[in-house]
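**Student:** Take this structure first; my questions come after.
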Number of protein chains: 2
Amino acid sequence: MSIIITAFERSPDGGKGLARDTRVRWALEEAEQPYEVRLVSFAAMKEPAHVALHPFGQIPTYEEGDLVLFETGGIVFHIAERHAGLLPHDAHARARAIMWMFAALNSVEPTILELVTAKFQEGDKPWSKERMPLVADRIRQRLGQLSTRLGDAEWLDGAFSAGDLMMVSVLLRLRLSGILDEFPKLAAYVARGEARPAYKRAFAAQLAINAGKPANG
Amino acid sequence: MSIIITAFERSPDGGKGLARDTRVRWALEEAEQPYEVRLVSFAAMKEPAHVALHPFGQIPTYEEGDLVLFETGGIVFHIAERHAGLLPHDAHARARAIMWMFAALNSVEPTILELVTAKFQEGDKPWSKERMPLVADRIRQRLGQLSTRLGDAEWLDGAFSAGDLMMVSVLLRLRLSGILDEFPKLAAYVARGEARPAYKRAFAAQLAINAGKPANG
């Protein structure tokens, strides 16, 4: 059964790999599953045909025969559950890997999303300059805790898992801000993720679509 | 194997059921699993013994023999996967129920967390009054999309699932703000969740701990 995902026709990040289709591409590459990509414009994302797939009018979506999924966490979990390479066999280790997926998306990413909102939706507001350090400090607090837990380990819990895939993807959003580099252990952890052949293939695939298409073009 | 969860010794909400142990209690009640509760003070949550269980120094945690989990989504998923009542048997419906768990935690709750942050961490800032409507409008946008998808259905995708448990729990955080009541279909959906006997037992259990303990006491 062929897998079809959706991605931005033109990613707001111009191909830096931060759009969420990269997470799904990465999971599919780790699982060695071929997939097709349907590109969607910003206008088309809000049209009924796409909203029928994704109620929040975003990308990515995942279609596999009769199954339609949206929401990156749910898509990556579905891939991880059905193919080797992303979840450990041991029941306890598996539960912890899934726990880290949720932790990335609900305990780490929300603080980072506040920074994105502060920049792109409130960057022109009079409070922007004074407020930004507060937002950044809340991220630092969470990253400090995460760095302490990771310590000198290679991955969050034994072998690389879907939990690491999600955590690395979430942390990557911080690189441009410079905050990630304040936590050398986390920066090295993210670099290990990016060095995986599956990540490289996923990154290259999204770049091939977005290269030469300026985000504001 | 007995299950032990942690909860606030004194919940910041004074027993309104918004602390995240309620989500885990609810899942355990739906699954008809007995559990014990260990109460943790704010000070103890930051101590090494608790941080060893929960790297972000929060509640709830979940202990079951050798297995230790933190992160509500991961805990509820673990319960849902191992007991009847929270995930459908059909493979596609199961994937969609899990997708809705992630959607609640990563596409809906982050906008709501911004409101919590704006109130409790930035409520005294000079920009608070002017900024709050922007935060509320971002929540309204997401809730409008969710309400459209739910329509007149009882639950998000067929029978009640862990996806509904999580979405109702996330939406409950909005009740005091009045925003939930602007979306009658979602308000009715939340009320259906609260009417479930398992939810009522979970709510009563956390209230029994917090009743008579003022949050600022």
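Residue numbering restarts at 1 in every chain; chains get A, B, ... in the order shown in the structure tokens, and ligands count up from 1 in that same order.
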Go through region 6-211 of chain A and collect every residue that DSSP, computed from the backbone, puts in strand (DSSP E); the answer should be as a PyMOL selection string.

**Tutor:** chain A and resi 6-8+36-40+61-64+67-70

**Student:** Near Leu174 (chain B), counting only C-alpha atoms, which residues have an atom at most 12 Å away, once you skip same-chain residues fewer than 4 positions from it, shown as a PyMOL selection string?

**Tutor:** chain B and resi 16+18+108-109+111-116+136+139-140+143+167-170+178-183+186-187+190

**Student:** Set the cut-off to 7 Å and count only C-alpha atoms: what are the residues of chain A that reach chain B? Output as a list in words.

**Tutor:**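 Filtering chain A at 7 Å from chain B with only C-alpha atoms gives Pro55, Phe56, Leu67, Leu69, Glu71, Gly73, Gly74, His78, His92, Ala95, Arg96, Ile98, Met99, Phe102, Ala103, Leu105, Asn106, Pro110, Trp127, Gln145, Leu146 and Arg149 of chain A.
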
**Student:** Write down as a PyMOL selection string the residues of region 5-212 of chain A whose backbone DSSP state falls under helix (DSSP H, G or I).

**Tutor:** chain A and resi 21-30+42-45+48-51+72-82+91-120+128-150+162-172+175-177+180-182+184-194+197-210

**Student:** For Ala198 (chain B), list every protein, DNA or RNA residue within 8 Å, evaluated using only C-alpha atoms, and leave out those in the same chain fewer than 2 positions away; present the list as a list in words.

**Tutor:**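 Surrounding residues, per the criterion: Trp26, Ala27, Glu29, Glu30, Arg196, Lys200, Arg201 and Ala202 of chain B.
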
**Student:** Need to verify the contact set: Ala43 (chain A), 12 Å, only C-alpha atoms, exclusion of same-chain residues closer than 3 positions in sequence. Can you return it as a PyMOL selection string?

**Tutor:** chain A and resi 8-10+39-40+46-51+57-58

**Student:** I'd like to know which of A:Pro133, A:Met166, A:Ala31, A:Leu53 is closest to Pro197 (chain A), using only C-alpha atoms.

**Tutor:**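 Looking only at the distances to Pro197 (chain A), the closest residue turns out to be A:Ala31.
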
**Student:** For Glu154 (chain B), work out the shell of residues within 10 Å, counting only C-alpha atoms and skipping chain neighbours fewer than 4 positions away, then give it as a ChimeraX atom specification.

**Tutor:** /B:150,158-160,164,185,188-189,192-193

**Student:** Kindly export the residues of the current selection with N, CA, C and O atoms, as a PDB file, in the first residue's frame.

**Tutor:**
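Here's the written file selection_22.pdb:
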ATOM      1  N   LEU B 150     -15.384  18.316  15.023  1.00  0.00           N
ATOM      2  CA  LEU B 150     -16.254  17.525  15.893  1.00  0.00           C
ATOM      3  C   LEU B 150     -17.687  17.541  15.390  1.00  0.00           C
ATOM      4  O   LEU B 150     -18.349  16.504  15.342  1.00  0.00           O
ATOM      5  N   GLY B 158     -15.861   8.134  16.503  1.00  0.00           N
ATOM      6  CA  GLY B 158     -16.592   6.933  16.933  1.00  0.00           C
ATOM      7  C   GLY B 158     -16.721   6.876  18.444  1.00  0.00           C
ATOM      8  O   GLY B 158     -17.131   7.847  19.073  1.00  0.00           O
ATOM      9  N   ALA B 159     -16.351   5.735  19.020  1.00  0.00           N
ATOM     10  CA  ALA B 159     -16.521   5.555  20.460  1.00  0.00           C
ATOM     11  C   ALA B 159     -15.516   6.385  21.262  1.00  0.00           C
ATOM     12  O   ALA B 159     -14.464   6.777  20.746  1.00  0.00           O
ATOM     13  N   PHE B 160     -15.841   6.657  22.510  1.00  0.00           N
ATOM     14  CA  PHE B 160     -14.932   7.347  23.428  1.00  0.00           C
ATOM     15  C   PHE B 160     -13.580   6.626  23.456  1.00  0.00           C
ATOM     16  O   PHE B 160     -13.517   5.401  23.494  1.00  0.00           O
ATOM     17  N   ASP B 164     -10.177  11.235  23.232  1.00  0.00           N
ATOM     18  CA  ASP B 164     -11.176  12.109  23.863  1.00  0.00           C
ATOM     19  C   ASP B 164     -10.785  12.444  25.298  1.00  0.00           C
ATOM     20  O   ASP B 164     -10.947  13.583  25.737  1.00  0.00           O
ATOM     21  N   LYS B 185     -20.533  23.492  20.975  1.00  0.00           N
ATOM     22  CA  LYS B 185     -20.334  22.067  20.677  1.00  0.00           C
ATOM     23  C   LYS B 185     -19.176  21.495  21.481  1.00  0.00           C
ATOM     24  O   LYS B 185     -19.236  20.350  21.934  1.00  0.00           O
ATOM     25  N   ALA B 188     -20.256  21.211  25.163  1.00  0.00           N
ATOM     26  CA  ALA B 188     -21.098  20.029  25.375  1.00  0.00           C
ATOM     27  C   ALA B 188     -20.251  18.752  25.342  1.00  0.00           C
ATOM     28  O   ALA B 188     -20.508  17.805  26.098  1.00  0.00           O
ATOM     29  N   TYR B 189     -19.242  18.753  24.483  1.00  0.00           N
ATOM     30  CA  TYR B 189     -18.316  17.612  24.391  1.00  0.00           C
ATOM     31  C   TYR B 189     -17.574  17.427  25.716  1.00  0.00           C
ATOM     32  O   TYR B 189     -17.482  16.317  26.263  1.00  0.00           O
ATOM     33  N   ARG B 192     -19.826  16.034  28.287  1.00  0.00           N
ATOM     34  CA  ARG B 192     -20.018  14.584  28.142  1.00  0.00           C
ATOM     35  C   ARG B 192     -18.859  13.821  28.783  1.00  0.00           C
ATOM     36  O   ARG B 192     -19.042  12.766  29.382  1.00  0.00           O
ATOM     37  N   GLY B 193     -17.660  14.372  28.642  1.00  0.00           N
ATOM     38  CA  GLY B 193     -16.510  13.741  29.276  1.00  0.00           C
ATOM     39  C   GLY B 193     -16.639  13.747  30.790  1.00  0.00           C
ATOM     40  O   GLY B 193     -16.449  12.725  31.453  1.00  0.00           O
TER      41      GLY B 193
END

**Student:** As an exercise, work out the distance from CA of Gly85 (chain A) to CA of Trp155 (chain A) in Å and give it to one decimal place.

**Tutor:** 14.1 Å
